[in-house]
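Q: Quick one: structure below, then a few questions.
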Amino acid sequence: MTAMREVSVGTALPPLEIAPISRTTLALFAGASGDHNPMHIDLDVAKSAGLDDVFAHGMLSMAYLGRLLTDWVGPDAIRSYGVRFGAITPVHAKPTATGTVTAIDEIDGELRATLDLKVTLADGTVTLTGTAVVAA
């Protein structure tokens with residue numbers, strides 16, 4: 001957890017480097033989330049849609065960004081969190097979640113930091129962008 005007084009505009013959160021996405025990860029996330037869309041777990045279905053292989057749930061990448069935030073400030077400090085999905089995360093891809101403080105404001109007597117967030121694959125593809133506001 002980071003004390004807000006140690007943070008300024010431009011502060012980068014420690015990156016969250018994720019192990020390559022495996023079929024096991026996708027199956028476990030499908031069970032945990034209740035999202036059993038076969039595009040994420042069934043190679044034949046993915047190929048029938050013209051894809052080379054299955055791909056990760058977008059919400060899995062959103063969960064990684066959530067973990068980045070809670071590793072940094074803890075869940076009680078999150079005031080808002082939103083994302084925009086930009087590209088798929090193929091099986092075997094290696095995502096990294098990052099964040100940067102873009103503003104610090106006092107709102108209702110509480111010091112809050114606004115962050116830009118993203119998930120980037122090893123090849124440079126940005127699969128998810130987002131913003132969050134966290135309190136000290």
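Letters A, B, ... go to the chains of the structure tokens in the order shown; residues in each chain start at 1; ligands are counted from 1 in the same order.
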Which residues are near range 100-110 of chain A? Cut-off 12 Å, only C-alpha atoms, ignore same chain within fewer than 6 positions. Put them as number ranges by chain.
A: A: 4-15, 68-69, 72, 77, 79, 116-118, 129-136
Q: Could you list, as JSON, numbers by chain, every residue within 10 Å of Ala56 in chain A, counting only C-alpha atoms and ignoring same-chain residues fewer than 3 positions away?
A: {"A": [21, 22, 23, 25, 26, 27, 29, 30, 39, 40, 41, 59, 60, 61, 88, 89, 90, 91, 92, 93]}
Q: Give me, as number ranges by chain, the residues of range 52-120 of chain A that a backbone DSSP run labels strand (DSSP E).
A: A: 78-85, 95-107, 110-120
Q: Which is closer to Gly86 in chain A than all the others in A:Leu121, A:Val54, A:Leu111, A:Val126, using only C-alpha atoms?
A: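 Distance minimum relative to Gly86 in chain A lands on A:Val126.
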Q: Among range 16-120 of chain A, which ones does DSSP place in helix (DSSP H, G or I), written as a ChimeraX atom specification?
A: /A:23-33,38-40,43-48,58-72,75-77
